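Structure record follows, encoded as structure tokens.
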Amino acid sequence: MAIDQTASAGVSALKMVIGGATVDAVDGQTFEIVNPATGGVIASAPLGGKADVDRAVEAAQRAFDDPKGWATWAAGKRGRTLAKFAALIKDRSEELAWLETRNTGKPISSSRGEVIGASLVFDYYAGAANKVFGQTIPVSKPGLDLTLREPIGVVGLIVPWNFPLLMASWKLGPALAAGNTCILKPASLSPMTALRIGELALEAGIPAGVLNVVTGPGGSAGAAIAGHTGIGKVAFTGETTTGQEIMRLASNNVKKVSLELGGKSPNVVYADADIERFAAESPYSVFDNCGQDCCARSRIFVERSVHEQVVELFAAATRKVKVGDPTDEATEVGTLVSFKQRDRVRDYIEIGLAEGANLVVGGVEPDDEALKGGAYLMPAVFDGATNDMRIAKEEIFGPVVTIIPFDTEAEAIRLANATPYGLSGSVWSRDIGKALRTAKGIQAGVLSINSNSSVHTEAPFGGYKMSGIGRELGMSAIELYTEVKNIFIDLRS
Ligand code: NAD
């Protein structure tokens, strides 16, 4: 395979971070990392497997058991160290953003946003570390009953390729704040920033063995984490089917499990909404990150009286989305993460056409000759779709949206809920009562009204139904990484 020419320093041989050292895989195997904008190889990474996970679990357990270690530090000291880590990530934001862009095809402006977002997540949990409270409970026996929230121990954190650094921060932040030691496994398509923050954690003063990073395939390294009896909890973000497999593997030692899985989120538009604003802003709610977003509003349900107007305005706004070279500052949508993912999405365009939907715009490679070597696809809008078509039912994880008309509030809610997923969604209306009734009716964990913004560091994030188990972000995430211990003290004299 060709060497990627955008790589200033050539192809680097990356290392895992285990027990404070940067190491190769036990058996010395590696895999190539490809820039999806050029098709060139930019780095190699260790192809870790079970033996490497064993090594990481040992290091993490040693760090957890250290009588003067991370778990025993005053919570405020852990918080201050996490604040240093957050500051270091911010300081190195340009380096990290370029790694992410070259690794995933994400526009550089988006990568910058993601790195700063991750730094803010660590900042939030730096402040949270000494705010993990227990309770006192008025039980019926005479005495005092109180609860402690304690770290679980060694936790395994398995993350996807769509927001590699951000998804890692959502898990590492609360896990570290609560005093756990961690094994982070990035997706094989996107390991570069995870490996780098493993090194930065050491520089920030997080002790050796507290944050280990293992790279390798999901089926071997990931499965070894999910099934390891030395790991007390596994947190996973990725596809629903992988989540199901992880639950099965985690059952051997009854690991705590939290899952952030797939989505097929609705965008419900009533005729009384600010249609112009909806149309101008909402293409980004599905095409940002090239549609590779679990929250992507990939199904638009629009009240029939404004259906044609919405299709026209939405398609016009979609044509204005700047698709291009991820390294260009003006680019809004770069490539898909890989050529395989681009082909998968292109297959869905064919499926939609065969199902009889009307492709209004996009779904083809860009005309620009300069973009021919990359995994690009123009954002696609399907009209004339129905909710039982595969393009409206299955998570495509690419820049594709279906527009479907409805007649009544009840029908909008029924259509929005006719999916096994329940992650996110938006409602657009100037009638706040109707908007709230609709939001309450939609079975999803994260909704917004007259906005596409439903992810906030300080607020709970997670899915109903087959979109997951547990709530990340905010103080809810602390619950995912702590055990509750109840202690009763008999106070009789
Ligand atoms: P994926 O399930 O293929 O992989 C995710 C991670 O799991 C990777 O690190 C992978 O190596 C690992 N993995 C794969 N098989 C495994 C196994 N058998 N055991 C253990 N680990 C295994 O997902 P992806 O393709 O990287 O990401 C896309 C998916 O992630 C989409 O479905 C998307 O909706 C979902 N996602 C959800 C959220 C959310 O918060 N709900 C956020 C981002 C992405």
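If you're wondering about the labels, chains in the structure tokens are A, B, ... by order shown, residues count from 1 in each chain, ligands from 1 in order shown.
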What residues have any atom no more than 8 Å from ligand 1 when counting only C-alpha atoms and all ligand atoms, and can you list them as an NGL selection string? :A and (158-163 or 167 or 185-189 or 216-226 or 236-243 or 245-246 or 249 or 259-263 or 292-295 or 395 or 397 or 423 or 461-463 or 467-468)
Can you pull out the residues contacting segment 251-255 of chain A? Cut-off 6 Å, using only C-alpha atoms, and skip same-chain residues under 5 positions away; I want them as a PDB file with N, CA and C atoms, in the first residue's frame.
```pdb
ATOM      1  N   THR A 229     -11.748 -12.080  33.644  1.00  0.00           N
ATOM      2  CA  THR A 229     -12.300 -12.159  35.014  1.00  0.00           C
ATOM      3  C   THR A 229     -11.599 -11.192  35.974  1.00  0.00           C
ATOM      4  N   GLY A 232     -13.579  -5.629  36.447  1.00  0.00           N
ATOM      5  CA  GLY A 232     -14.845  -5.571  37.184  1.00  0.00           C
ATOM      6  C   GLY A 232     -15.967  -4.905  36.429  1.00  0.00           C
ATOM      7  N   LYS A 233     -15.615  -4.131  35.414  1.00  0.00           N
ATOM      8  CA  LYS A 233     -16.649  -3.412  34.675  1.00  0.00           C
ATOM      9  C   LYS A 233     -16.196  -3.172  33.249  1.00  0.00           C
TER      10      LYS A 233
END
```
Using only C-alpha atoms, find each residue of segment 374-451 of chain A with at least one atom at most 12 Å away from an atom of segment 98-120 of chain A; report its shortest atom-to-atom pair and that distance in Å (one decimal), sort the rows by chain and rising residue number, and return the result as a Markdown table.
```
| residue | atom | partner | partner_atom | distance |
| --- | --- | --- | --- | --- |
| A:Gly374 | CA | A:Gly105 | CA | 8.7 |
| A:Ala375 | CA | A:Gly105 | CA | 8.3 |
| A:Tyr376 | CA | A:Gly105 | CA | 9.1 |
| A:Leu377 | CA | A:Gly105 | CA | 12.0 |
```
Please report, as a list in words, each residue of segment 192-352 of chain A to which DSSP assigns strand (DSSP E or B) when run on this structure's backbone.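 Here are the strand (DSSP E or B) residues of segment 192-352 of chain A: Leu211, Asn212, Val213, Lys233, Val234, Ala235, Phe236, Thr237, Lys256, Val257, Ser258, Leu259, Glu260, Pro266, Asn267, Val268, Val269, Arg299, Ile300, Phe301, Val302, Glu303, Val323 and Val333 of chain A.
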Out of A:Ile391, A:Val323, A:Ile442, A:Leu313, which residue has the shortest atom-to-atom distance to Ala37 of chain A when counting only C-alpha atoms?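 Among the listed residues, A:Val323 lies closest to Ala37 of chain A.
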Given only C-alpha atoms as the counted atoms, nearest of A:Gly398, A:Pro266, A:Gly49, A:Gly209 to Lys340 of chain A: A:Gly398
Pick from A:Ala177, A:Ala315, A:Ala416, A:Ile396 nearest to Gly76 of chain A, counting only C-alpha atoms: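 Using only C-alpha atoms, Gly76 of chain A sits closest to A:Ala177.
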Please, which residues of segment 231-346 of chain A, numbered as in this document, come out alpha helix (DSSP H) from DSSP, as a ChimeraX atom specification? /A:240-250,275-281,283-287,307-320,339-346
Can you tell me, as a compact mmCIF listing (two decimals) with all heavy atoms, in the first residue's frame, what residues are no more than 9 Å from segment 83-92 of chain A when counting only C-alpha atoms, ignoring any on the same chain fewer than 6 positions away?
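Ended up saving to around.txt:
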```txt
# COMPACT_ATOMS: atom_id res chain seq x y z
N VAL A 115 -11.14 17.67 20.23
CA VAL A 115 -10.05 17.64 21.22
C VAL A 115 -10.37 18.60 22.37
O VAL A 115 -10.23 18.24 23.55
CB VAL A 115 -8.70 18.01 20.57
CG1 VAL A 115 -7.61 18.09 21.62
CG2 VAL A 115 -8.33 17.00 19.48
N ILE A 116 -10.85 19.79 22.04
CA ILE A 116 -11.20 20.74 23.11
C ILE A 116 -12.35 20.17 23.92
O ILE A 116 -12.39 20.27 25.16
CB ILE A 116 -11.56 22.14 22.52
CG1 ILE A 116 -10.32 22.75 21.84
CG2 ILE A 116 -12.10 23.08 23.60
CD1 ILE A 116 -9.10 22.93 22.74
N ALA A 118 -12.94 17.04 24.52
CA ALA A 118 -12.39 16.00 25.42
C ALA A 118 -11.70 16.66 26.62
O ALA A 118 -11.85 16.20 27.76
CB ALA A 118 -11.41 15.11 24.65
N SER A 119 -10.97 17.74 26.36
CA SER A 119 -10.28 18.44 27.44
C SER A 119 -11.31 18.96 28.46
O SER A 119 -11.12 18.87 29.68
CB SER A 119 -9.44 19.57 26.85
OG SER A 119 -9.07 20.47 27.84
N LEU A 120 -12.44 19.48 27.95
CA LEU A 120 -13.49 20.00 28.84
C LEU A 120 -14.14 18.88 29.65
O LEU A 120 -14.53 19.07 30.80
CB LEU A 120 -14.55 20.75 28.03
CG LEU A 120 -14.08 22.09 27.46
CD1 LEU A 120 -15.13 22.67 26.51
CD2 LEU A 120 -13.77 23.09 28.58
N VAL A 121 -14.25 17.69 29.05
CA VAL A 121 -14.81 16.55 29.78
C VAL A 121 -13.87 16.20 30.95
O VAL A 121 -14.32 16.00 32.09
CB VAL A 121 -15.02 15.33 28.85
CG1 VAL A 121 -15.34 14.07 29.64
CG2 VAL A 121 -16.15 15.62 27.85
N PHE A 122 -12.56 16.16 30.69
CA PHE A 122 -11.62 15.85 31.79
C PHE A 122 -11.67 16.94 32.86
O PHE A 122 -11.57 16.67 34.06
CB PHE A 122 -10.20 15.65 31.25
CG PHE A 122 -10.03 14.31 30.58
CD1 PHE A 122 -9.76 14.22 29.21
CD2 PHE A 122 -10.16 13.13 31.30
CE1 PHE A 122 -9.63 12.99 28.58
CE2 PHE A 122 -10.02 11.88 30.67
CZ PHE A 122 -9.76 11.81 29.32
N ASP A 123 -11.84 18.19 32.42
CA ASP A 123 -11.97 19.31 33.37
C ASP A 123 -13.19 19.12 34.26
O ASP A 123 -13.13 19.33 35.47
CB ASP A 123 -12.17 20.61 32.57
CG ASP A 123 -11.05 21.58 32.83
OD1 ASP A 123 -10.25 21.33 33.74
OD2 ASP A 123 -11.00 22.58 32.10
N TYR A 124 -14.31 18.73 33.64
CA TYR A 124 -15.55 18.52 34.40
C TYR A 124 -15.31 17.46 35.47
O TYR A 124 -15.66 17.64 36.64
CB TYR A 124 -16.67 18.10 33.45
CG TYR A 124 -17.97 17.80 34.16
CD1 TYR A 124 -18.90 18.80 34.43
CD2 TYR A 124 -18.25 16.51 34.60
CE1 TYR A 124 -20.08 18.52 35.11
CE2 TYR A 124 -19.43 16.22 35.28
CZ TYR A 124 -20.33 17.22 35.52
OH TYR A 124 -21.50 16.93 36.19
N TYR A 125 -14.69 16.32 35.06
CA TYR A 125 -14.50 15.24 36.03
C TYR A 125 -13.36 15.53 37.01
O TYR A 125 -13.32 14.93 38.10
CB TYR A 125 -14.36 13.88 35.31
CG TYR A 125 -15.70 13.48 34.75
CD1 TYR A 125 -15.96 13.57 33.38
CD2 TYR A 125 -16.73 13.10 35.60
CE1 TYR A 125 -17.21 13.26 32.86
CE2 TYR A 125 -17.99 12.79 35.10
CZ TYR A 125 -18.22 12.86 33.74
OH TYR A 125 -19.47 12.57 33.25
N ALA A 126 -12.47 16.46 36.67
CA ALA A 126 -11.49 16.92 37.64
C ALA A 126 -12.24 17.57 38.80
O ALA A 126 -11.95 17.32 39.99
CB ALA A 126 -10.54 17.93 36.99
N GLY A 127 -13.25 18.37 38.46
CA GLY A 127 -14.06 19.02 39.50
C GLY A 127 -14.98 18.06 40.22
O GLY A 127 -15.39 18.30 41.36
N ILE A 197 -2.86 9.95 24.14
CA ILE A 197 -3.26 10.43 25.48
C ILE A 197 -2.81 9.46 26.58
O ILE A 197 -2.66 9.85 27.73
CB ILE A 197 -4.76 10.76 25.62
CG1 ILE A 197 -5.65 9.55 25.42
CG2 ILE A 197 -5.17 11.95 24.77
CD1 ILE A 197 -7.04 9.74 26.00
N LEU A 200 0.31 11.09 27.36
CA LEU A 200 0.10 12.38 28.02
C LEU A 200 -0.36 12.21 29.47
O LEU A 200 -0.05 13.04 30.33
CB LEU A 200 -0.91 13.23 27.24
CG LEU A 200 -0.47 13.71 25.85
CD1 LEU A 200 -1.59 14.52 25.18
CD2 LEU A 200 0.81 14.55 25.93
N ALA A 201 -1.10 11.12 29.73
CA ALA A 201 -1.56 10.87 31.10
C ALA A 201 -0.36 10.74 32.05
O ALA A 201 -0.36 11.27 33.16
CB ALA A 201 -2.42 9.61 31.14
N LEU A 202 0.68 10.04 31.57
CA LEU A 202 1.88 9.86 32.39
C LEU A 202 2.56 11.21 32.62
O LEU A 202 2.98 11.53 33.74
CB LEU A 202 2.84 8.89 31.71
CG LEU A 202 2.33 7.45 31.56
CD1 LEU A 202 3.20 6.66 30.59
CD2 LEU A 202 2.26 6.77 32.93
N GLU A 203 2.60 12.02 31.55
CA GLU A 203 3.22 13.34 31.65
C GLU A 203 2.44 14.22 32.64
O GLU A 203 3.03 15.07 33.33
CB GLU A 203 3.19 13.97 30.24
CG GLU A 203 4.31 14.93 29.99
CD GLU A 203 4.26 15.45 28.54
OE1 GLU A 203 4.08 14.63 27.61
OE2 GLU A 203 4.38 16.68 28.37
N ALA A 204 1.13 14.02 32.73
CA ALA A 204 0.31 14.84 33.63
C ALA A 204 0.43 14.39 35.08
O ALA A 204 -0.11 15.05 35.97
CB ALA A 204 -1.15 14.77 33.18
N GLY A 205 1.09 13.25 35.32
CA GLY A 205 1.26 12.79 36.69
C GLY A 205 0.29 11.70 37.10
O GLY A 205 0.21 11.35 38.29
N ILE A 206 -0.46 11.16 36.15
CA ILE A 206 -1.30 10.00 36.46
C ILE A 206 -0.37 8.80 36.58
O ILE A 206 0.41 8.53 35.65
CB ILE A 206 -2.39 9.81 35.37
CG1 ILE A 206 -3.34 11.01 35.38
CG2 ILE A 206 -3.14 8.50 35.58
CD1 ILE A 206 -4.41 11.00 34.31
```
What is the atom CA of Ala51 of chain A to atom CA of Gly19 of chain A distance in Å?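 Interatomic distance here is 14.2 Å.
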